[in-house]
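Q: Contents of entry12.cif (mmCIF, C-alpha atoms) are below:
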```cif
data_query
loop_
_atom_site.label_atom_id
_atom_site.label_comp_id
_atom_site.auth_asym_id
_atom_site.auth_seq_id
_atom_site.Cartn_x
_atom_site.Cartn_y
_atom_site.Cartn_z
CA MET V 1 0.60 28.86 11.08
CA LEU V 2 4.28 28.39 10.20
CA TYR V 3 3.75 29.51 6.59
CA GLU V 4 2.15 32.72 5.37
CA ASN V 5 -0.63 30.89 3.51
CA LEU V 6 -1.85 27.41 2.64
CA ASP V 7 -0.22 27.35 -0.78
CA LYS V 8 3.16 28.02 0.82
CA ALA V 9 2.52 25.24 3.31
CA ASN V 10 1.56 22.88 0.48
CA ASP V 11 4.72 23.88 -1.39
CA ALA V 12 6.72 22.71 1.61
CA VAL V 13 4.83 19.40 1.79
CA VAL V 14 5.31 18.73 -1.93
CA GLU V 15 8.99 19.69 -1.67
CA LYS V 16 9.39 16.94 0.95
CA ILE V 17 7.76 14.46 -1.43
CA LEU V 18 9.94 15.42 -4.38
CA ALA V 19 13.17 15.42 -2.34
CA ALA V 20 12.61 11.92 -0.90
CA GLN V 21 15.33 9.29 -1.37
CA PRO V 22 13.83 5.90 -0.46
CA PHE V 23 16.20 2.90 -0.38
CA LEU V 24 15.29 -0.72 0.24
CA VAL V 25 17.80 -1.63 2.93
CA ASP V 26 16.67 -4.90 4.53
CA VAL V 27 14.07 -7.61 5.06
CA VAL V 28 13.58 -8.52 8.73
CA PRO V 29 11.04 -10.11 11.07
CA ALA V 30 8.34 -7.54 11.73
CA LYS V 31 8.71 -7.71 15.51
CA SER V 32 12.40 -6.73 15.25
CA VAL V 33 11.48 -3.25 13.95
CA ILE V 34 7.89 -2.79 15.19
CA ASN V 35 7.98 -2.95 18.99
CA LYS V 36 4.22 -3.21 19.39
CA LEU V 37 4.23 -6.63 17.71
CA GLU V 38 5.34 -8.34 20.88
CA ASP V 39 2.93 -10.89 22.38
CA LYS V 40 -0.40 -11.55 20.62
CA VAL V 41 -0.74 -8.48 18.37
CA LEU V 42 -1.75 -8.24 14.71
CA LEU V 43 -1.49 -5.29 12.36
CA HIS V 44 -4.35 -4.65 9.93
CA ALA V 45 -5.09 -2.40 6.97
CA GLY V 46 -7.16 0.75 7.25
CA PRO V 47 -8.25 2.84 10.22
CA PRO V 48 -8.94 1.18 13.61
CA ILE V 49 -11.47 -1.66 13.50
CA LYS V 50 -12.74 -4.33 15.89
CA TRP V 51 -12.76 -8.06 15.16
CA GLU V 52 -16.55 -8.24 14.95
CA GLU V 53 -16.64 -5.38 12.42
CA MET V 54 -14.15 -6.98 10.02
CA THR V 55 -15.37 -8.45 6.75
CA GLU V 56 -14.86 -12.19 6.28
CA PRO V 57 -11.68 -11.96 4.14
CA MET V 58 -9.92 -9.85 6.79
CA GLN V 59 -11.08 -12.28 9.46
CA GLY V 60 -9.75 -15.12 7.31
CA SER V 61 -6.38 -13.39 7.19
CA CYS V 62 -6.45 -13.19 10.98
CA TYR V 63 -7.06 -16.94 11.21
CA GLY V 64 -4.06 -17.50 8.97
CA ALA V 65 -1.79 -15.24 11.01
CA VAL V 66 -2.80 -16.90 14.28
CA LEU V 67 -2.13 -20.33 12.79
CA PHE V 68 1.19 -19.17 11.32
CA GLU V 69 2.34 -17.85 14.70
CA GLY V 70 1.32 -21.09 16.41
CA TRP V 71 -1.04 -19.34 18.81
CA ALA V 72 -3.73 -21.83 17.79
CA LYS V 73 -3.74 -25.24 16.12
CA SER V 74 -7.04 -24.97 14.25
CA LYS V 75 -9.30 -22.39 12.65
CA GLU V 76 -11.86 -23.04 15.39
CA GLU V 77 -9.31 -22.41 18.15
CA ALA V 78 -8.13 -19.26 16.36
CA HIS V 79 -11.73 -18.04 16.05
CA SER V 80 -12.29 -18.55 19.77
CA MET V 81 -9.18 -16.53 20.65
CA LEU V 82 -10.14 -13.70 18.30
CA GLU V 83 -13.76 -13.62 19.44
CA LYS V 84 -12.74 -13.49 23.11
CA GLY V 85 -10.47 -10.49 22.45
CA GLU V 86 -7.23 -12.33 23.21
CA ILE V 87 -5.59 -10.77 20.13
CA GLU V 88 -4.86 -7.03 20.00
CA PHE V 89 -5.30 -5.14 16.72
CA ILE V 90 -3.32 -2.10 15.56
CA PRO V 91 -3.58 -0.29 12.20
CA CYS V 92 -0.44 -0.73 10.10
CA HIS V 93 -0.32 3.03 9.53
CA ASP V 94 0.05 3.68 13.27
CA VAL V 95 3.45 1.93 13.32
CA ASN V 96 4.99 3.28 10.08
CA ALA V 97 3.78 0.25 8.13
CA VAL V 98 1.37 -0.68 5.35
CA GLY V 99 -0.19 -3.96 4.26
CA PRO V 100 -2.12 -4.93 1.11
CA MET V 101 -5.80 -6.01 1.21
CA GLY V 102 -6.40 -7.32 4.77
CA GLY V 103 -2.98 -6.01 5.73
CA ILE V 104 -2.67 -8.63 8.46
CA THR V 105 0.92 -8.74 9.69
CA SER V 106 2.27 -10.66 12.68
CA GLY V 107 5.57 -10.50 14.51
CA ASN V 108 7.38 -13.34 12.75
CA MET V 109 6.40 -12.34 9.22
CA PRO V 110 9.25 -10.78 7.25
CA VAL V 111 8.83 -7.12 6.30
CA LEU V 112 10.59 -4.91 3.80
CA VAL V 113 12.51 -2.02 5.36
CA VAL V 114 12.57 1.14 3.23
CA GLU V 115 14.63 4.05 4.52
CA ASN V 116 13.99 7.56 3.22
CA LYS V 117 17.58 8.74 3.42
CA GLU V 118 16.72 12.37 2.73
CA HIS V 119 14.55 12.63 5.83
CA GLY V 120 15.79 9.76 8.01
CA ASN V 121 12.50 7.88 8.47
CA LYS V 122 11.68 4.23 7.72
CA ALA V 123 8.57 2.41 6.51
CA TYR V 124 7.64 -1.28 6.47
CA CYS V 125 5.51 -3.65 4.44
CA ASN V 126 5.12 -7.42 4.45
CA LEU V 127 6.28 -9.45 1.45
CA ASN V 128 4.10 -10.25 -1.55
CA GLU V 129 2.97 -13.87 -1.33
CA GLY V 130 2.62 -14.42 -5.06
CA ILE V 131 -0.50 -15.71 -6.81
CA GLY V 132 -3.22 -18.23 -5.95
CA LYS V 133 -4.50 -18.72 -2.41
CA VAL V 134 -2.86 -16.02 -0.30
CA LEU V 135 -3.31 -14.56 3.18
CA ARG V 136 -3.90 -11.00 2.00
CA PHE V 137 -7.14 -12.05 0.29
CA GLY V 138 -8.35 -14.03 3.29
CA ALA V 139 -7.09 -17.56 2.56
CA TYR V 140 -5.71 -19.59 5.47
CA SER V 141 -5.28 -23.15 4.18
CA GLU V 142 -2.25 -25.32 4.91
CA GLU V 143 -0.79 -24.24 1.56
CA VAL V 144 -0.97 -20.59 2.65
CA ILE V 145 0.61 -21.25 6.06
CA ASN V 146 3.39 -23.37 4.55
CA ARG V 147 4.25 -20.59 2.10
CA LEU V 148 4.38 -18.05 4.93
CA HIS V 149 6.85 -20.27 6.79
CA TRP V 150 8.98 -20.60 3.65
CA MET V 151 8.97 -16.82 3.31
CA LYS V 152 10.01 -16.49 6.96
CA ASN V 153 12.74 -19.13 6.83
CA THR V 154 14.09 -18.83 3.28
CA LEU V 155 12.85 -15.91 1.16
CA GLY V 156 13.18 -13.20 3.81
CA PRO V 157 16.70 -14.12 5.00
CA THR V 158 17.90 -14.58 1.40
CA LEU V 159 16.72 -11.10 0.39
CA SER V 160 18.12 -9.63 3.60
CA ASN V 161 21.58 -11.07 3.03
CA ALA V 162 21.57 -10.02 -0.62
CA LEU V 163 20.56 -6.44 0.22
CA LYS V 164 23.40 -6.22 2.74
CA LEU V 165 25.83 -6.71 -0.17
CA ILE V 166 24.49 -3.57 -1.91
CA ASP V 167 26.34 -0.53 -0.58
CA GLY V 168 23.69 1.74 0.91
CA GLY V 169 20.80 -0.46 -0.17
CA MET V 170 18.74 -0.47 -3.36
CA ASN V 171 17.82 2.96 -4.77
CA LEU V 172 14.08 2.70 -5.39
CA ASN V 173 13.73 6.06 -7.14
CA VAL V 174 15.72 4.62 -10.03
CA ILE V 175 13.50 1.53 -10.38
CA VAL V 176 10.26 3.52 -10.06
CA ALA V 177 11.31 6.09 -12.67
CA LYS V 178 12.37 3.36 -15.12
CA ALA V 179 9.29 1.20 -14.60
CA LEU V 180 6.92 4.13 -15.08
CA THR V 181 8.27 4.54 -18.61
CA MET V 182 7.80 0.79 -19.16
CA GLY V 183 4.06 0.70 -18.49
CA ASP V 184 3.73 0.26 -14.71
CA GLU V 185 1.50 2.36 -12.45
CA PHE V 186 2.60 0.49 -9.25
CA HIS V 187 -0.77 -0.69 -8.00
CA GLN V 188 -2.36 -3.09 -10.47
CA ARG V 189 0.67 -3.32 -12.76
CA ASN V 190 4.18 -3.93 -11.39
CA ILE V 191 5.51 -6.24 -14.09
CA ALA V 192 8.37 -3.96 -15.17
CA ALA V 193 9.35 -2.95 -11.64
CA SER V 194 9.32 -6.57 -10.43
CA ALA V 195 11.55 -7.55 -13.38
CA LEU V 196 13.92 -4.65 -12.68
CA PHE V 197 14.07 -5.60 -9.01
CA MET V 198 14.91 -9.19 -9.92
CA LYS V 199 17.58 -8.01 -12.37
CA ASP V 200 19.20 -5.89 -9.65
CA ILE V 201 18.97 -8.36 -6.76
CA THR V 202 19.84 -11.63 -8.54
CA PRO V 203 23.63 -10.99 -8.88
CA TYR V 204 23.79 -10.53 -5.11
CA ILE V 205 21.63 -13.59 -4.37
CA GLN V 206 24.05 -15.61 -6.51
CA GLN V 207 26.94 -14.54 -4.26
CA LEU V 208 25.31 -16.05 -1.17
CA ASP V 209 26.39 -19.36 0.32
CA ILE V 210 22.95 -20.99 0.31
CA PRO V 211 21.70 -24.43 -0.78
CA LYS V 212 21.09 -24.76 -4.50
CA GLU V 213 17.45 -25.67 -3.94
CA ASP V 214 16.92 -22.39 -2.03
CA LEU V 215 18.60 -20.41 -4.81
CA ILE V 216 16.30 -22.03 -7.38
CA ALA V 217 13.17 -21.59 -5.23
CA VAL V 218 13.82 -17.91 -4.48
CA THR V 219 14.67 -16.92 -8.05
CA LYS V 220 11.71 -18.87 -9.45
CA PHE V 221 9.36 -17.21 -6.95
CA LEU V 222 10.62 -13.76 -7.91
CA ALA V 223 10.35 -14.62 -11.61
CA ASP V 224 6.80 -15.91 -11.23
CA THR V 225 5.49 -13.04 -9.06
CA ASP V 226 4.61 -10.15 -11.36
CA GLN V 227 3.26 -8.14 -8.41
CA PHE V 228 6.26 -8.65 -6.12
CA PHE V 229 7.21 -4.98 -6.37
CA LEU V 230 3.76 -3.82 -5.20
CA ASN V 231 4.71 -4.29 -1.56
CA ILE V 232 8.02 -2.51 -2.14
CA ALA V 233 6.15 0.33 -3.84
CA MET V 234 3.80 0.57 -0.85
CA ALA V 235 6.68 0.90 1.63
CA TYR V 236 8.35 3.35 -0.77
CA CYS V 237 5.26 5.56 -0.89
CA LYS V 238 4.71 5.28 2.86
CA SER V 239 8.25 6.43 3.59
CA VAL V 240 7.73 9.45 1.32
CA MET V 241 4.32 10.47 2.66
CA ASP V 242 5.34 10.02 6.31
CA ALA V 243 8.18 12.47 5.72
CA ALA V 244 5.78 14.87 4.01
CA LYS V 245 3.36 14.91 6.94
CA SER V 246 6.17 16.09 9.22
CA ILE V 247 5.55 19.61 7.88
CA GLY V 248 2.38 19.69 10.00
CA GLU V 249 0.60 22.28 7.86
CA GLY V 250 -1.37 22.51 4.63
CA THR V 251 -4.17 20.67 2.85
CA ILE V 252 -2.31 17.75 1.21
CA VAL V 253 -3.55 14.19 1.80
CA THR V 254 -0.81 12.10 3.42
CA ALA V 255 -2.60 8.73 3.68
CA MET V 256 -5.59 6.95 2.15
CA THR V 257 -6.60 3.51 3.36
CA ARG V 258 -9.55 1.18 3.87
CA ASN V 259 -10.53 -1.77 6.07
CA GLY V 260 -13.61 -3.20 4.37
CA LYS V 261 -15.91 -1.02 6.47
CA GLU V 262 -14.45 2.48 6.38
CA PHE V 263 -12.26 4.51 4.07
CA ALA V 264 -9.95 6.93 5.86
CA ILE V 265 -7.56 9.75 5.04
CA LYS V 266 -5.00 11.83 6.89
CA VAL V 267 -4.08 15.40 5.93
CA SER V 268 -0.78 17.26 6.31
CA GLY V 269 -2.26 20.06 8.43
CA LEU V 270 -4.05 17.74 10.84
CA GLY V 271 -1.38 15.21 11.76
CA GLU V 272 -2.57 11.77 12.85
CA ARG V 273 -6.33 12.46 12.82
CA TRP V 274 -8.34 9.99 10.75
CA PHE V 275 -11.24 11.27 8.65
CA VAL V 276 -13.52 8.38 7.78
CA ALA V 277 -16.55 7.58 5.64
CA PRO V 278 -18.22 4.32 4.60
CA VAL V 279 -16.06 2.46 2.10
CA ASN V 280 -17.25 1.96 -1.48
CA MET V 281 -17.62 -1.25 -3.47
CA PRO V 282 -14.93 -1.79 -6.16
CA LYS V 283 -16.14 -2.53 -9.67
CA GLY V 284 -14.23 -4.12 -12.52
CA LEU V 285 -13.61 -7.42 -14.26
CA PHE V 286 -14.00 -10.80 -12.59
CA PHE V 287 -12.29 -14.12 -13.04
CA THR V 288 -14.31 -16.81 -14.78
CA GLY V 289 -17.10 -18.08 -12.54
CA TYR V 290 -17.30 -15.02 -10.28
CA SER V 291 -19.47 -11.90 -10.35
CA GLN V 292 -19.97 -8.47 -8.76
CA GLU V 293 -22.47 -9.96 -6.28
CA GLU V 294 -19.66 -12.00 -4.68
CA ALA V 295 -17.27 -9.06 -4.27
CA ASN V 296 -16.08 -7.83 -0.87
CA MET V 297 -16.10 -4.18 0.07
CA ASP V 298 -12.86 -2.32 -0.62
CA MET V 299 -9.92 -2.88 1.73
CA GLY V 300 -6.16 -2.45 2.02
CA ASP V 301 -3.38 0.07 2.64
CA SER V 302 -2.27 -0.13 -1.00
CA ALA V 303 -4.03 3.19 -1.72
CA ILE V 304 -0.84 4.74 -0.31
CA THR V 305 0.33 4.47 -3.94
CA GLU V 306 -2.49 6.78 -5.11
CA THR V 307 -1.74 9.08 -2.16
CA PHE V 308 1.76 9.46 -3.57
CA GLY V 309 0.42 10.06 -7.10
CA VAL V 310 0.74 6.73 -8.90
CA GLY V 311 -1.67 3.77 -9.10
CA GLY V 312 -5.02 4.93 -10.43
CA MET V 313 -3.79 8.53 -10.35
CA ALA V 314 -1.24 7.60 -13.06
CA MET V 315 -3.47 5.41 -15.21
CA ILE V 316 -2.11 7.11 -18.33
CA ALA V 317 1.29 5.52 -17.61
CA ALA V 318 -0.15 2.00 -17.88
CA PRO V 319 -2.71 1.84 -20.68
CA GLY V 320 -2.15 -1.91 -20.77
CA VAL V 321 -3.87 -2.27 -17.41
CA THR V 322 -7.03 -0.33 -18.25
CA ARG V 323 -8.98 -3.26 -19.68
CA PHE V 324 -7.94 -5.44 -16.75
CA VAL V 325 -9.51 -3.02 -14.28
CA GLY V 326 -12.61 -2.53 -16.39
CA ALA V 327 -11.79 0.78 -18.10
CA ASP V 328 -12.24 1.33 -21.83
CA GLY V 329 -8.70 1.71 -23.09
CA PHE V 330 -6.10 4.40 -23.73
CA ASN V 331 -8.51 7.32 -24.09
CA ALA V 332 -10.15 6.37 -20.80
CA ALA V 333 -6.74 6.21 -19.14
CA GLN V 334 -5.92 9.72 -20.32
CA GLU V 335 -9.28 11.03 -19.18
CA ILE V 336 -8.70 9.58 -15.72
CA SER V 337 -5.24 11.12 -15.33
CA ASP V 338 -6.48 14.45 -16.69
CA GLU V 339 -9.25 14.34 -14.10
CA MET V 340 -6.82 13.52 -11.28
CA GLU V 341 -4.73 16.51 -12.36
CA GLU V 342 -7.66 18.73 -11.34
CA ILE V 343 -7.46 17.71 -7.68
CA THR V 344 -3.69 17.69 -7.18
CA PHE V 345 -1.25 20.44 -6.30
CA SER V 346 1.53 19.88 -8.81
CA HIS V 347 3.46 17.39 -10.96
CA ASN V 348 6.38 15.16 -10.06
CA GLN V 349 8.92 15.69 -12.82
CA ASN V 350 11.08 12.96 -11.31
CA LEU V 351 8.42 10.62 -12.71
CA ALA V 352 7.90 11.79 -16.28
CA ILE V 353 5.23 9.85 -18.20
CA PRO V 354 6.00 9.45 -21.93
CA THR V 355 2.36 8.70 -22.83
CA TRP V 356 1.30 11.96 -21.17
CA ASP V 357 3.62 14.09 -23.29
CA PHE V 358 6.28 13.63 -20.57
CA LYS V 359 4.29 15.44 -17.91
CA GLY V 360 5.21 14.24 -14.44
CA ALA V 361 2.90 12.09 -12.38
CA VAL V 362 0.53 14.15 -10.28
CA VAL V 363 1.56 14.94 -6.72
CA GLY V 364 -0.27 16.30 -3.69
CA ILE V 365 -3.98 15.47 -3.49
CA ASP V 366 -5.45 18.76 -2.23
CA VAL V 367 -8.49 18.44 0.03
CA ARG V 368 -9.71 21.88 -1.10
CA LYS V 369 -9.72 20.87 -4.76
CA VAL V 370 -11.51 17.60 -4.08
CA VAL V 371 -14.30 19.40 -2.23
CA GLU V 372 -14.49 22.23 -4.76
CA THR V 373 -14.67 19.99 -7.84
CA GLY V 374 -16.49 17.00 -6.38
CA ILE V 375 -13.83 14.78 -8.01
CA THR V 376 -12.51 12.06 -5.71
CA PRO V 377 -9.30 10.05 -6.18
CA LEU V 378 -9.59 6.93 -8.33
CA ILE V 379 -7.91 3.83 -6.91
CA ASN V 380 -6.87 0.66 -8.73
CA THR V 381 -7.55 -2.39 -6.60
CA GLY V 382 -7.80 -6.15 -6.41
CA ILE V 383 -11.21 -7.57 -5.53
CA ALA V 384 -11.59 -10.23 -2.84
CA HIS V 385 -14.47 -12.68 -2.50
CA LYS V 386 -16.72 -11.71 0.39
CA LYS V 387 -16.32 -15.19 1.89
CA ALA V 388 -13.12 -15.98 3.79
CA GLY V 389 -10.81 -18.51 2.20
CA VAL V 390 -11.84 -18.02 -1.44
CA GLY V 391 -9.29 -15.30 -2.27
CA GLN V 392 -9.05 -12.86 -5.17
CA ILE V 393 -11.88 -12.99 -7.73
CA GLY V 394 -11.10 -9.97 -9.90
CA ALA V 395 -9.64 -6.49 -10.22
CA GLY V 396 -11.08 -3.05 -10.79
CA THR V 397 -11.29 0.50 -9.56
CA VAL V 398 -12.95 2.27 -6.67
CA ARG V 399 -13.48 5.91 -5.72
CA ALA V 400 -12.52 7.39 -2.39
CA PRO V 401 -15.71 8.57 -0.64
CA TYR V 402 -16.33 12.31 -0.78
CA GLY V 403 -17.24 12.47 2.91
CA CYS V 404 -13.65 11.96 4.07
CA PHE V 405 -12.59 15.13 2.30
CA THR V 406 -15.47 17.33 3.48
CA GLN V 407 -14.75 16.28 7.07
CA ALA V 408 -11.04 16.99 6.65
CA LEU V 409 -11.72 20.42 5.13
CA LYS V 410 -14.01 21.24 8.04
CA GLY V 411 -11.24 20.21 10.44
CA LEU V 412 -8.76 22.43 8.62
CA VAL V 413 -11.13 25.41 8.67
CA GLU V 414 -11.62 24.97 12.42
CA LYS V 415 -7.88 24.64 13.03
CA TYR V 416 -6.87 27.73 11.11
CA ALA V 417 -9.80 29.79 12.39
CA GLU V 418 -8.69 29.01 15.94
CA GLU V 419 -5.10 29.94 15.12
CA GLU V 420 -6.22 33.23 13.60
CA LYS V 421 -8.28 34.00 16.67
CA ASN V 422 -5.28 33.45 18.92
#
```
Output the file's structure in the form of structure tokens.

A:
Amino acid sequence: MLYENLDKANDAVVEKILAAQPFLVDVVPAKSVINKLEDKVLLHAGPPIKWEEMTEPMQGSCYGAVLFEGWAKSKEEAHSMLEKGEIEFIPCHDVNAVGPMGGITSGNMPVLVVENKEHGNKAYCNLNEGIGKVLRFGAYSEEVINRLHWMKNTLGPTLSNALKLIDGGMNLNVIVAKALTMGDEFHQRNIAASALFMKDITPYIQQLDIPKEDLIAVTKFLADTDQFFLNIAMAYCKSVMDAAKSIGEGTIVTAMTRNGKEFAIKVSGLGERWFVAPVNMPKGLFFTGYSQEEANMDMGDSAITETFGVGGMAMIAAPGVTRFVGADGFNAAQEISDEMEEITFSHNQNLAIPTWDFKGAVVGIDVRKVVETGITPLINTGIAHKKAGVGQIGAGTVRAPYGCFTQALKGLVEKYAEEEKN
């Protein structure tokens, strides 16, 4: 072991998290930065999964991606290709990326590029599609495909060119710290951060030599999309946690993710090993006409926000979101954050929370504390309909399954026992 004890190792991991300097530097086609997206390859959320094991919404997202790429001309043709194994699947996390809900990302989709300038690593996430029928919730209609092409041809290049006018890129620490004091927790609520992003990027968009109709369309889309910053936050958190796992020691969780079948975590002392358990069902509030019986099992890489210490871990920062996810209000929000404090290593004073007496957001989910207390991380999440093509039907919370953490702790015990023996 490189450090004299686990607490020292965890100190080093948390120091990497606190020292991170993520900047949004570009928006580019995914295949230009992720080499494995050549040919017929799709990225997906969660740990590895086969086509036949995917829930219907994730399969629906695959149909949409295949249609978007032009590999097939109909849903039926896409289904045949996928069923025959003509499409390769890779977890987003395996290529320094993350994707919300289904997480399906193909080579020509634009991705955000976040560079952690303190540690020199980059992370990627696809762009938020806005509201209504969207690919991430399993929709694949003509409306969805047309929007994806607009994002590829207009939104992505516009943001890319605007970001190139910002010397060094956009400092995301500044936006995250501001938005946290304005009621965001960066998973279910990104209203403040999305508004701050639009405020910062719009002057540069206005300098571009683009058609007026594109200027209007892009700014209206950003103004209408309250959750636009979610995908930026995901890449932000991924860039931070990937740097933290480079320590290679300790008991801090460096990734949490789910694919509709399994929930999985990675731990600082065990590198790229996945520890998986059956995923749980999210519970919360549903849009009019929908109910819990129609909900899909939990999925998405967006739990990287909770891994970092925000999202459901920072519920106290966003009391306005508690009713939306089915909690009881401010007191419930404080109880949740107090509970999350019991399973984390420290506080992030870079992210002071006024409603928590200016304590910093929690940082460093400690596998040992989860197993000792029996408290598992709480995750804020959108809820998809279990049928492909329907889309989002509500929002709520879900708990990470305890089994992931017991398996990881066992792996850590075995690792350090072997090292001691040698």

Q: Please evaluate the PyMOL selection byres ((chain V and resi 359-371) around 7) against the displayed coordinates and give the resulting residues as JSON, numbers by chain.

A: {"V": [14, 251, 252, 253, 307, 308, 309, 310, 314, 341, 343, 344, 345, 346, 347, 348, 349, 350, 351, 352, 353, 356, 357, 358, 372, 373, 374, 375, 376, 405, 406, 409]}

Q: V:Ala139, V:Met241, V:Val111, V:Ala97: which is nearest V:Tyr63, counting all atoms listed in the file?

A: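 Between V:Ala139, V:Met241, V:Val111, V:Ala97, the residue approaching V:Tyr63 most closely is V:Ala139.
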
Q: With stretch 69-91 of chain V as the partner and 12 Å as the cut-off, tabulate the residues of stretch 221-298 of chain V that qualify, each row holding the nearest pair of atoms and their distance in Å to one decimal, using only C-alpha atoms, sorted by chain and rising number, as a Markdown table.

A:
```
| residue | atom | partner | partner_atom | distance |
| --- | --- | --- | --- | --- |
| V:Thr257 | CA | V:Pro91 | CA | 10.1 |
| V:Arg258 | CA | V:Pro91 | CA | 10.4 |
| V:Asn259 | CA | V:Pro91 | CA | 9.4 |
| V:Ala264 | CA | V:Pro91 | CA | 11.5 |
| V:Trp274 | CA | V:Pro91 | CA | 11.4 |
```

Q: Can I get the selection written as an mmCIF file, in the frame of the given file, with C-alpha atoms?

A:
```
data_model
loop_
_atom_site.group_PDB
_atom_site.id
_atom_site.type_symbol
_atom_site.label_atom_id
_atom_site.label_comp_id
_atom_site.auth_asym_id
_atom_site.auth_seq_id
_atom_site.Cartn_x
_atom_site.Cartn_y
_atom_site.Cartn_z
ATOM 1 C CA THR V 257 -6.600 3.510 3.360
ATOM 2 C CA ARG V 258 -9.550 1.180 3.870
ATOM 3 C CA ASN V 259 -10.530 -1.770 6.070
ATOM 4 C CA ALA V 264 -9.950 6.930 5.860
ATOM 5 C CA TRP V 274 -8.340 9.990 10.750
#
```

Q: What lies within 9 Å of V:Leu412 using only C-alpha atoms, ignoring chain neighbours under 6 positions off, as a list in words?

A: Gly250, Thr251, Val267, Gly269 and Leu270 of chain V

Q: Could you save those same residues with C-alpha atoms as a PDB file, in the frame of the given file?

A:
```
ATOM      1  CA  GLY V 250      -1.370  22.510   4.630  1.00  0.00           C
ATOM      2  CA  THR V 251      -4.170  20.670   2.850  1.00  0.00           C
ATOM      3  CA  VAL V 267      -4.080  15.400   5.930  1.00  0.00           C
ATOM      4  CA  GLY V 269      -2.260  20.060   8.430  1.00  0.00           C
ATOM      5  CA  LEU V 270      -4.050  17.740  10.840  1.00  0.00           C
TER       6      LEU V 270
END
```

Q: Which residues, protein or nucleic acid, reach to within 10 Å of (1.1, 1.8, 14.5) in the file's coordinates when using all atoms listed in the file, and can you give that as a tab-separated table (two decimals) with C-alpha atoms, in the coordinates of the input?

A:
```tsv
chain	number	residue	atom	x	y	z
V	34	ILE	CA	7.89	-2.79	15.19
V	35	ASN	CA	7.98	-2.95	18.99
V	36	LYS	CA	4.22	-3.21	19.39
V	37	LEU	CA	4.23	-6.63	17.71
V	43	LEU	CA	-1.49	-5.29	12.36
V	44	HIS	CA	-4.35	-4.65	9.93
V	89	PHE	CA	-5.30	-5.14	16.72
V	90	ILE	CA	-3.32	-2.10	15.56
V	91	PRO	CA	-3.58	-0.29	12.20
V	92	CYS	CA	-0.44	-0.73	10.10
V	93	HIS	CA	-0.32	3.03	9.53
V	94	ASP	CA	0.05	3.68	13.27
V	95	VAL	CA	3.45	1.93	13.32
V	96	ASN	CA	4.99	3.28	10.08
V	97	ALA	CA	3.78	0.25	8.13
V	98	VAL	CA	1.37	-0.68	5.35
```

Q: Give me the result of the PyMOL selection byres ((chain V and resi 182) around 12) on this file, residue by residue, as a PyMOL selection string.

A: chain V and resi 175-181+183-186+189-196+316-320+351-355

Q: Just to confirm, what's the straight-line distance from atom CA of V:Val240 to atom CA of V:Met313 in Å (one decimal)?

A: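 Pair atom CA of V:Val240 / atom CA of V:Met313 returns 16.4 Å.
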
Q: Please identify all polymer residues within 12 Å of V:Glu142, counting only C-alpha atoms, omitting same-chain residues fewer than 2 positions from it, and present them as a list of chain:residue names.

A: V:Tyr63, V:Gly64, V:Ala65, V:Leu67, V:Phe68, V:Lys73, V:Ser74, V:Lys75, V:Lys133, V:Val134, V:Leu135, V:Ala139, V:Tyr140, V:Val144, V:Ile145, V:Asn146, V:Arg147, V:Leu148, V:His149, V:Gly389

Q: Write the residues of the preceding selection, restricted to C-alpha atoms, as a CSV table (one decimal), in the coordinates of the input.

A:
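See selection05.csv below for the written result:
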```csv
chain,number,residue,atom,x,y,z
V,63,TYR,CA,-7.1,-16.9,11.2
V,64,GLY,CA,-4.1,-17.5,9.0
V,65,ALA,CA,-1.8,-15.2,11.0
V,67,LEU,CA,-2.1,-20.3,12.8
V,68,PHE,CA,1.2,-19.2,11.3
V,73,LYS,CA,-3.7,-25.2,16.1
V,74,SER,CA,-7.0,-25.0,14.2
V,75,LYS,CA,-9.3,-22.4,12.6
V,133,LYS,CA,-4.5,-18.7,-2.4
V,134,VAL,CA,-2.9,-16.0,-0.3
V,135,LEU,CA,-3.3,-14.6,3.2
V,139,ALA,CA,-7.1,-17.6,2.6
V,140,TYR,CA,-5.7,-19.6,5.5
V,144,VAL,CA,-1.0,-20.6,2.6
V,145,ILE,CA,0.6,-21.2,6.1
V,146,ASN,CA,3.4,-23.4,4.6
V,147,ARG,CA,4.2,-20.6,2.1
V,148,LEU,CA,4.4,-18.0,4.9
V,149,HIS,CA,6.8,-20.3,6.8
V,389,GLY,CA,-10.8,-18.5,2.2
```

Q: Selection in question (the file shown): the PyMOL selection byres ((chain V and resi 263) around 9). Which residues does it include, as a list of chain:residue names?

A: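 Expected selection for the PyMOL selection byres ((chain V and resi 263) around 9) here is V:Gly46, V:Pro47, V:Met256, V:Thr257, V:Arg258, V:Asn259, V:Gly260, V:Lys261, V:Glu262, V:Ala264, V:Ile265, V:Phe275, V:Val276, V:Ala277, V:Pro278, V:Val279, V:Asn280, V:Asp298, V:Met299, V:Ala400, V:Pro401, V:Cys404.
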
Q: Neighbouring residues of V:Thr154 were defined as those with any atom within 12 Å, considering only C-alpha atoms; residues of the same chain fewer than 3 positions away were excluded. Please report them as a count of residues only.

A: 26

Q: Quick check, in Å to one decimal: how far apart do atom CA of V:Glu339 and atom CA of V:Met297 lie?

A: 24.3 Å

Q: Please measure the separation of atom CA of V:Phe23 and atom CA of V:Lys245, giving the value in Å to one decimal.

A: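 Those two atoms sit 19.0 Å apart.
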
Q: Could you give me, as a list in words, the residues that have an atom at most 10 Å away from the point (-6.1, 22.1, 12.7) in the coordinates of the file, using all atoms listed in the file?

A: Met1, Gly248, Glu249, Gly250, Val267, Ser268, Gly269, Leu270, Gly271, Arg273, Ala408, Leu409, Lys410, Gly411, Leu412, Val413, Glu414, Lys415, Tyr416, Ala417, Glu418 and Glu419 of chain V
